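Q: Would you mind keeping the following structure in view while I ask a few things?
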Amino acid sequence: MTEKQRWFYLILFWIVNFCLGSFYAWSIYSSWLADLYTQTAGQTVSVASLTYIFSIGAALNPVAMVLAGGLTDRFGPRLVLFIGGVVMALGYLLMSLSTGPMMLLLGFGVCLGLGSGTSVIATVTSAVKLFPDKRGFAGGSVGAFYGIGSVCLPPLANYLAGNIGISSTLFIYSVACAVIILGSAFLIRLPASRSAQTSQKADNNNLVWYQMIRTGRFWAMFVLFIAGTLSPLMLFSQTVTVAQTQIGLSISVAVFTISALALANTTARFLGGAISDKLGRVFTLGSAVALAIFGLALLSLAGIGDSLLFFAGLVCIGAGFGSFVGVFPGYTAEQFGPANASMNYGVLALAFSVSGILGPNIIALTVSDGHYQTAYFIAMIISAIGLGAAVVCRKLEVRQ
């Protein structure tokens with residue numbers, strides 16, 4: 001493959017992941033849809049009552065990665081990305097037609113959760129395979145465009161919802177996903193990294209998933225992944241609500257808390273991947289966990305009117321999350337081999353599913369009269385465990 005070809009595919013992956021970043025506009029969708037459901041149902045529907053839908057979507061995201069990872073290794077990314085694009089478009093269509101939480105659960109929780117995970121695994125792991133000389137950069141840059149989408153698309157959704165309504169906005173997003181993701185899938189011509197006959201075989205340099213999970217370094221990486229993604233997923237589910245309740249921000253200002261998280265997330269995905277190429281994966285991941293702990297401490301100290309302190313905490317947490325998403329695909333390929341990297345990363349990303357369930361529920365179950373300090377403290381303890389896991393990863397890793 002020529003240099004121009006692999007860069008062409010990388011740019012396609014960037015565009016697709018920009019579109020996929022719309023998944024993290026949940027706080028915008030849920031705010032507008034809660035008002036819509038309240039009007040149509042004749043009874044109050046709160047944003048908090050819809051949180052479980054985000055949890056389901058975040059939990060199904062890595063499940064889709066496991067299923068799609070094996071398909072990507074065996075058949076290549078084109079088929080997998082086509083499936084992901086169809087499911088994403090269907091999800092937004094169902095959301096645009098929804099008049100209550102059940103249809104929203106099917107649209108966002110099931111379809112967007114599965115469609116996003118499927119599309120991510122097809123693009124990120126393929127980029128890592130295309131650039132074996134720059135795995136951190138490749139995975140990080142694709143992840144960065146996911147982050148850019150999560151910065152740009154939530155404010156756009158909020159603007160459109162205010163002018164044409166949330167239902168029409170979601171329909172536009174459905175059409176955009178169909179055109180961008182399916183169009184990109186049509187242009188991709190990449191071979192599978194493993195054939196159907198050899199995909200279940202392994203050697204010392206390329207472990208199959210069931211061999212991978214028998215290693216100590218897999219479980220150390222799994223715990224580290226949970227620790228690095230729990231606090232961001234905890235906040236992504238209710239960022240706007242927390243900003244309004246804890247800091248007293250207006251809705252128009254609170255919306256930008258999503259952008260603050262997403263912008264830090266985006267920058268760190270790119271920089272984290274590039275830095276890990278130079279300084280090492282574990283060092284970068286350990287630093288990201290420490291940064292998240294610092295961010296949680298800042299949030300715990302913030303009160304009414306402390307908007308700068310609050311935003312600084314969000315930036316630290318978002319940066320920690322971005323580093324993990326940017327570094328882990330390449331780290332997985334290095335530790336367990338590139339041939340089954342898509343499947344292996346999908347299995348390891350089940351840690352993301354654990355975080356997606358625990359994080360939002362921690363904040364939902366511990367909030368008291370607008371105080372979130374208990375949730376922040378629990379997240380700090382889990383993050384501290386992650387620092388210990390990073391030390392274990394360093395001792396057990398296969399040196400490249």
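Identifiers in this document derive from the order of the structure tokens: chains are assigned A, B, ..., residues are numbered from 1 separately in each chain, and ligands are numbered from 1 in order of occurrence.
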Can you tell me, as a PyMOL selection string, what residues are no more than 8 Å from A:Phe222 when counting only C-alpha atoms, ignoring any on the same chain fewer than 6 positions away?
A: chain A and resi 348-349+351
Q: Find the spatial neighbours of stretch 353-369 of chain A, counting only C-alpha atoms, within a cut-off of 6 Å - ignore same-chain residues fewer than 3 positions away - and output them as a PyMOL selection string.
A: chain A and resi 55+58-59+62+226+230+233-234+237+350+372+375
Q: Print the selection's residues with all heavy atoms to a file, as an mmCIF file, in the first residue's frame.
A:
data_model
loop_
_atom_site.group_PDB
_atom_site.id
_atom_site.type_symbol
_atom_site.label_atom_id
_atom_site.label_comp_id
_atom_site.auth_asym_id
_atom_site.auth_seq_id
_atom_site.Cartn_x
_atom_site.Cartn_y
_atom_site.Cartn_z
ATOM 1 N N SER A 55 -26.628 5.057 30.219
ATOM 2 C CA SER A 55 -25.855 3.946 30.772
ATOM 3 C C SER A 55 -25.922 2.723 29.868
ATOM 4 O O SER A 55 -24.913 2.049 29.630
ATOM 5 C CB SER A 55 -26.366 3.579 32.174
ATOM 6 O OG SER A 55 -26.141 4.627 33.079
ATOM 7 N N ALA A 58 -23.837 3.423 26.727
ATOM 8 C CA ALA A 58 -22.407 3.328 27.021
ATOM 9 C C ALA A 58 -21.989 1.884 27.279
ATOM 10 O O ALA A 58 -20.863 1.488 26.941
ATOM 11 C CB ALA A 58 -22.071 4.197 28.236
ATOM 12 N N ALA A 59 -22.878 1.089 27.866
ATOM 13 C CA ALA A 59 -22.560 -0.312 28.152
ATOM 14 C C ALA A 59 -22.553 -1.158 26.884
ATOM 15 O O ALA A 59 -21.726 -2.059 26.717
ATOM 16 C CB ALA A 59 -23.564 -0.875 29.155
ATOM 17 N N PRO A 62 -19.112 -1.026 24.069
ATOM 18 C CA PRO A 62 -18.024 -1.999 24.008
ATOM 19 C C PRO A 62 -18.465 -3.404 23.625
ATOM 20 O O PRO A 62 -17.669 -4.168 23.076
ATOM 21 C CB PRO A 62 -17.459 -2.005 25.438
ATOM 22 C CG PRO A 62 -18.084 -0.865 26.135
ATOM 23 C CD PRO A 62 -19.350 -0.558 25.415
ATOM 24 N N ILE A 226 -10.843 0.699 33.348
ATOM 25 C CA ILE A 226 -12.005 1.101 34.152
ATOM 26 C C ILE A 226 -11.709 2.389 34.919
ATOM 27 O O ILE A 226 -12.501 3.339 34.910
ATOM 28 C CB ILE A 226 -12.396 -0.014 35.142
ATOM 29 C CG1 ILE A 226 -12.928 -1.242 34.400
ATOM 30 C CG2 ILE A 226 -13.457 0.488 36.134
ATOM 31 C CD1 ILE A 226 -13.208 -2.428 35.297
ATOM 32 N N LEU A 230 -14.045 5.815 34.161
ATOM 33 C CA LEU A 230 -15.224 5.890 35.025
ATOM 34 C C LEU A 230 -15.659 7.331 35.312
ATOM 35 O O LEU A 230 -16.837 7.672 35.135
ATOM 36 C CB LEU A 230 -14.968 5.151 36.338
ATOM 37 C CG LEU A 230 -16.174 5.121 37.290
ATOM 38 C CD1 LEU A 230 -16.356 3.728 37.886
ATOM 39 C CD2 LEU A 230 -16.010 6.131 38.429
ATOM 40 N N LEU A 233 -17.237 9.174 32.234
ATOM 41 C CA LEU A 233 -18.565 8.668 31.894
ATOM 42 C C LEU A 233 -19.584 9.033 32.968
ATOM 43 O O LEU A 233 -20.769 9.230 32.682
ATOM 44 C CB LEU A 233 -18.512 7.156 31.697
ATOM 45 C CG LEU A 233 -17.772 6.693 30.432
ATOM 46 C CD1 LEU A 233 -17.697 5.182 30.375
ATOM 47 C CD2 LEU A 233 -18.452 7.233 29.186
ATOM 48 N N MET A 234 -19.141 9.125 34.196
ATOM 49 C CA MET A 234 -20.003 9.566 35.285
ATOM 50 C C MET A 234 -20.504 10.987 35.017
ATOM 51 O O MET A 234 -21.686 11.302 35.224
ATOM 52 C CB MET A 234 -19.223 9.526 36.610
ATOM 53 C CG MET A 234 -20.013 9.983 37.822
ATOM 54 S SD MET A 234 -19.041 9.849 39.353
ATOM 55 C CE MET A 234 -17.987 11.302 39.194
ATOM 56 N N SER A 237 -22.866 11.826 31.601
ATOM 57 C CA SER A 237 -24.290 11.506 31.674
ATOM 58 C C SER A 237 -25.125 12.664 32.194
ATOM 59 O O SER A 237 -26.294 12.787 31.857
ATOM 60 C CB SER A 237 -24.508 10.283 32.569
ATOM 61 O OG SER A 237 -24.139 10.561 33.903
ATOM 62 N N LEU A 350 -14.473 -3.868 27.071
ATOM 63 C CA LEU A 350 -15.599 -4.174 27.952
ATOM 64 C C LEU A 350 -15.452 -3.461 29.287
ATOM 65 O O LEU A 350 -16.424 -3.255 30.007
ATOM 66 C CB LEU A 350 -15.709 -5.687 28.163
ATOM 67 C CG LEU A 350 -16.219 -6.493 26.965
ATOM 68 C CD1 LEU A 350 -16.125 -7.985 27.240
ATOM 69 C CD2 LEU A 350 -17.658 -6.109 26.637
ATOM 70 N N TYR A 372 -22.493 16.765 45.060
ATOM 71 C CA TYR A 372 -21.964 15.606 44.347
ATOM 72 C C TYR A 372 -20.624 15.130 44.912
ATOM 73 O O TYR A 372 -19.947 14.314 44.301
ATOM 74 C CB TYR A 372 -21.781 15.951 42.865
ATOM 75 C CG TYR A 372 -23.074 16.280 42.158
ATOM 76 C CD1 TYR A 372 -23.576 17.578 42.148
ATOM 77 C CD2 TYR A 372 -23.802 15.294 41.507
ATOM 78 C CE1 TYR A 372 -24.767 17.885 41.497
ATOM 79 C CE2 TYR A 372 -24.996 15.586 40.857
ATOM 80 C CZ TYR A 372 -25.471 16.887 40.857
ATOM 81 O OH TYR A 372 -26.659 17.187 40.225
ATOM 82 N N ALA A 375 -19.919 11.323 45.178
ATOM 83 C CA ALA A 375 -19.612 10.709 43.880
ATOM 84 C C ALA A 375 -18.174 10.992 43.472
ATOM 85 O O ALA A 375 -17.463 10.104 42.977
ATOM 86 C CB ALA A 375 -20.575 11.227 42.816
#
Q: Measure the distance from atom CA of A:Phe310 to atom CA of A:Ala292 in Å and round it to one decimal.
A: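 Here the two named atoms are 13.1 Å from each other.
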Q: Identify which of the residues A:Ala185, A:Ala144, A:Ala192, A:Val392 lies closest to A:Phe324, counting only C-alpha atoms when measuring atom-to-atom distances.
A: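 Closest to A:Phe324 of all the choices is A:Ala144.
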Q: May I ask for the distance between atom CA of A:Arg217 and atom CA of A:Gly115, given in Å to one decimal place?
A: 29.2 Å
Q: My list of candidates is A:Gly139, A:Gly183, A:Gly21, A:Gly305. Which is closest to A:Ser276 when distances are computed with only C-alpha atoms?
A: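 Among the listed residues, A:Gly139 lies closest to A:Ser276.
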Q: Each residue of stretch 159-274 of chain A lying at most 7 Å from stretch 77-87 of chain A should get a row with its shortest atom-to-atom pair and the distance in Å to one decimal, counting only C-alpha atoms; could you produce that, ordered by chain and increasing number, as CSV?
A:
residue,atom,partner,partner_atom,distance
A:Cys177,CA,A:Gly85,CA,6.4
A:Ala178,CA,A:Gly85,CA,5.9
A:Ile181,CA,A:Gly85,CA,5.1
A:Leu182,CA,A:Phe82,CA,5.4
A:Ala185,CA,A:Arg78,CA,5.1
A:Ile188,CA,A:Arg78,CA,5.8
A:Arg189,CA,A:Arg78,CA,7.0
A:Leu190,CA,A:Pro77,CA,6.9
Q: Give me, please, the distance in Å between atom CA of A:Leu263 and atom CA of A:Ser323, quoted to one decimal.
A: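 Result for atom CA of A:Leu263 versus atom CA of A:Ser323: 12.3 Å, one decimal.
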Q: Quick one: residues within 8 Å of stretch 23-40 of chain A, only C-alpha atoms counted, chain neighbours fewer than 6 positions away excluded, as a VMD selection string?
A: chain A and resid 46 to 47 50 54 99 to 101 112 116 150 153 to 154 157 to 158 161 166 236 to 240 255 258
Q: Which polymer residues have any atom within 10 Å of an atom of A:Ser168, counting only C-alpha atoms, with same-chain residues fewer than 6 positions away left out, as a VMD selection string?
A: chain A and resid 93 96 to 97 160 to 161 174
Q: Just want the 6 Å neighbourhood of A:Tyr146, counted on only C-alpha atoms, with same-chain residues fewer than 3 positions away dropped. Output as an mmCIF file with N, CA, C and O atoms, in the first residue's frame.
A:
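Okay, this is what ended up in around_23.cif:
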data_model
loop_
_atom_site.group_PDB
_atom_site.id
_atom_site.type_symbol
_atom_site.label_atom_id
_atom_site.label_comp_id
_atom_site.auth_asym_id
_atom_site.auth_seq_id
_atom_site.Cartn_x
_atom_site.Cartn_y
_atom_site.Cartn_z
ATOM 1 N N ASN A 17 -15.338 9.420 12.318
ATOM 2 C CA ASN A 17 -15.345 9.588 13.773
ATOM 3 C C ASN A 17 -15.823 10.963 14.197
ATOM 4 O O ASN A 17 -16.359 11.117 15.296
ATOM 5 N N PHE A 18 -15.646 11.962 13.360
ATOM 6 C CA PHE A 18 -16.258 13.261 13.644
ATOM 7 C C PHE A 18 -17.768 13.104 13.749
ATOM 8 O O PHE A 18 -18.409 13.634 14.664
ATOM 9 N N GLY A 21 -18.945 11.387 16.948
ATOM 10 C CA GLY A 21 -18.876 12.203 18.165
ATOM 11 C C GLY A 21 -20.221 12.726 18.620
ATOM 12 O O GLY A 21 -20.360 13.191 19.761
ATOM 13 N N GLY A 143 -9.222 9.024 17.175
ATOM 14 C CA GLY A 143 -9.993 9.340 18.379
ATOM 15 C C GLY A 143 -10.183 10.831 18.565
ATOM 16 O O GLY A 143 -11.215 11.283 19.070
ATOM 17 N N GLY A 149 -15.853 15.998 16.999
ATOM 18 C CA GLY A 149 -17.285 15.887 16.775
ATOM 19 C C GLY A 149 -18.082 16.103 18.046
ATOM 20 O O GLY A 149 -19.138 16.745 18.035
#
Q: Just list the residues in stretch 265-400 of chain A DSSP gives alpha helix (DSSP H) on the backbone, as a PyMOL selection string.
A: chain A and resi 265-279+281-301+307-336+341-348+350-366+373-396
Q: Counting only C-alpha atoms, which of A:Gly147, A:Gly42, A:Pro191, A:Gly386 gets nearest to A:Ala339?
A: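 Of all the options, A:Pro191 lies closest to A:Ala339.
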Q: Between A:Met343, A:Leu67, A:Ala220, A:Leu279, which one has atoms that come closest to A:Leu207, using only C-alpha atoms?
A: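 Closest residue, counting only C-alpha atoms: A:Met343.
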Q: Can you list, as a short mmCIF file (atom, residue, chain, number, x, y, z; two decimals) with N, CA and C atoms, in the first residue's frame, every protein, DNA or RNA residue that comes within 12 Å of A:Leu308 when you count only C-alpha atoms, leaving out same-chain residues fewer than 2 positions away?
A:
data_model
loop_
_atom_site.label_atom_id
_atom_site.label_comp_id
_atom_site.auth_asym_id
_atom_site.auth_seq_id
_atom_site.Cartn_x
_atom_site.Cartn_y
_atom_site.Cartn_z
N ALA A 243 -23.75 21.11 36.39
CA ALA A 243 -23.32 22.51 36.30
C ALA A 243 -24.40 23.46 36.78
N ILE A 247 -23.13 24.50 40.55
CA ILE A 247 -22.47 25.80 40.35
C ILE A 247 -23.47 26.93 40.14
N LEU A 249 -25.11 27.54 37.19
CA LEU A 249 -25.00 28.10 35.85
C LEU A 249 -26.35 28.06 35.14
N THR A 257 -20.34 23.21 29.24
CA THR A 257 -19.56 22.24 30.02
C THR A 257 -19.30 20.98 29.18
N ALA A 260 -16.41 21.82 27.03
CA ALA A 260 -15.15 21.84 27.78
C ALA A 260 -14.62 20.42 27.95
N LEU A 298 -10.71 19.17 42.19
CA LEU A 298 -11.17 20.53 41.88
C LEU A 298 -12.70 20.60 41.88
N LEU A 299 -13.35 19.60 41.29
CA LEU A 299 -14.81 19.59 41.26
C LEU A 299 -15.40 19.52 42.67
N LEU A 301 -14.26 20.75 45.29
CA LEU A 301 -14.08 22.04 45.98
C LEU A 301 -14.97 23.15 45.43
N ALA A 302 -15.53 22.94 44.25
CA ALA A 302 -16.31 23.98 43.58
C ALA A 302 -17.70 24.09 44.20
N GLY A 303 -18.13 25.34 44.38
CA GLY A 303 -19.47 25.60 44.89
C GLY A 303 -20.20 26.60 44.01
N ILE A 304 -21.29 27.14 44.50
CA ILE A 304 -22.07 28.10 43.72
C ILE A 304 -21.18 29.27 43.28
N GLY A 305 -21.16 29.50 41.99
CA GLY A 305 -20.39 30.61 41.44
C GLY A 305 -18.95 30.29 41.08
N ASP A 306 -18.46 29.12 41.49
CA ASP A 306 -17.06 28.76 41.20
C ASP A 306 -16.94 28.13 39.82
N PHE A 310 -14.76 24.81 38.43
CA PHE A 310 -15.54 23.70 37.89
C PHE A 310 -15.07 23.34 36.48
N PHE A 311 -14.90 24.36 35.63
CA PHE A 311 -14.46 24.10 34.27
C PHE A 311 -13.04 23.53 34.24
N ALA A 312 -12.18 23.98 35.15
CA ALA A 312 -10.81 23.45 35.22
C ALA A 312 -10.83 21.96 35.56
N GLY A 313 -11.71 21.59 36.49
CA GLY A 313 -11.85 20.18 36.84
C GLY A 313 -12.34 19.34 35.68
N LEU A 314 -13.31 19.87 34.93
CA LEU A 314 -13.82 19.16 33.76
C LEU A 314 -12.74 18.96 32.71
N VAL A 315 -11.91 20.00 32.52
CA VAL A 315 -10.84 19.91 31.53
C VAL A 315 -9.86 18.80 31.90
#
Q: Considering only C-alpha atoms, state which residue in the set A:Gln373, A:Thr241, A:Thr118, A:Thr284 is at the smallest distance from A:Ala254.
A: A:Thr241
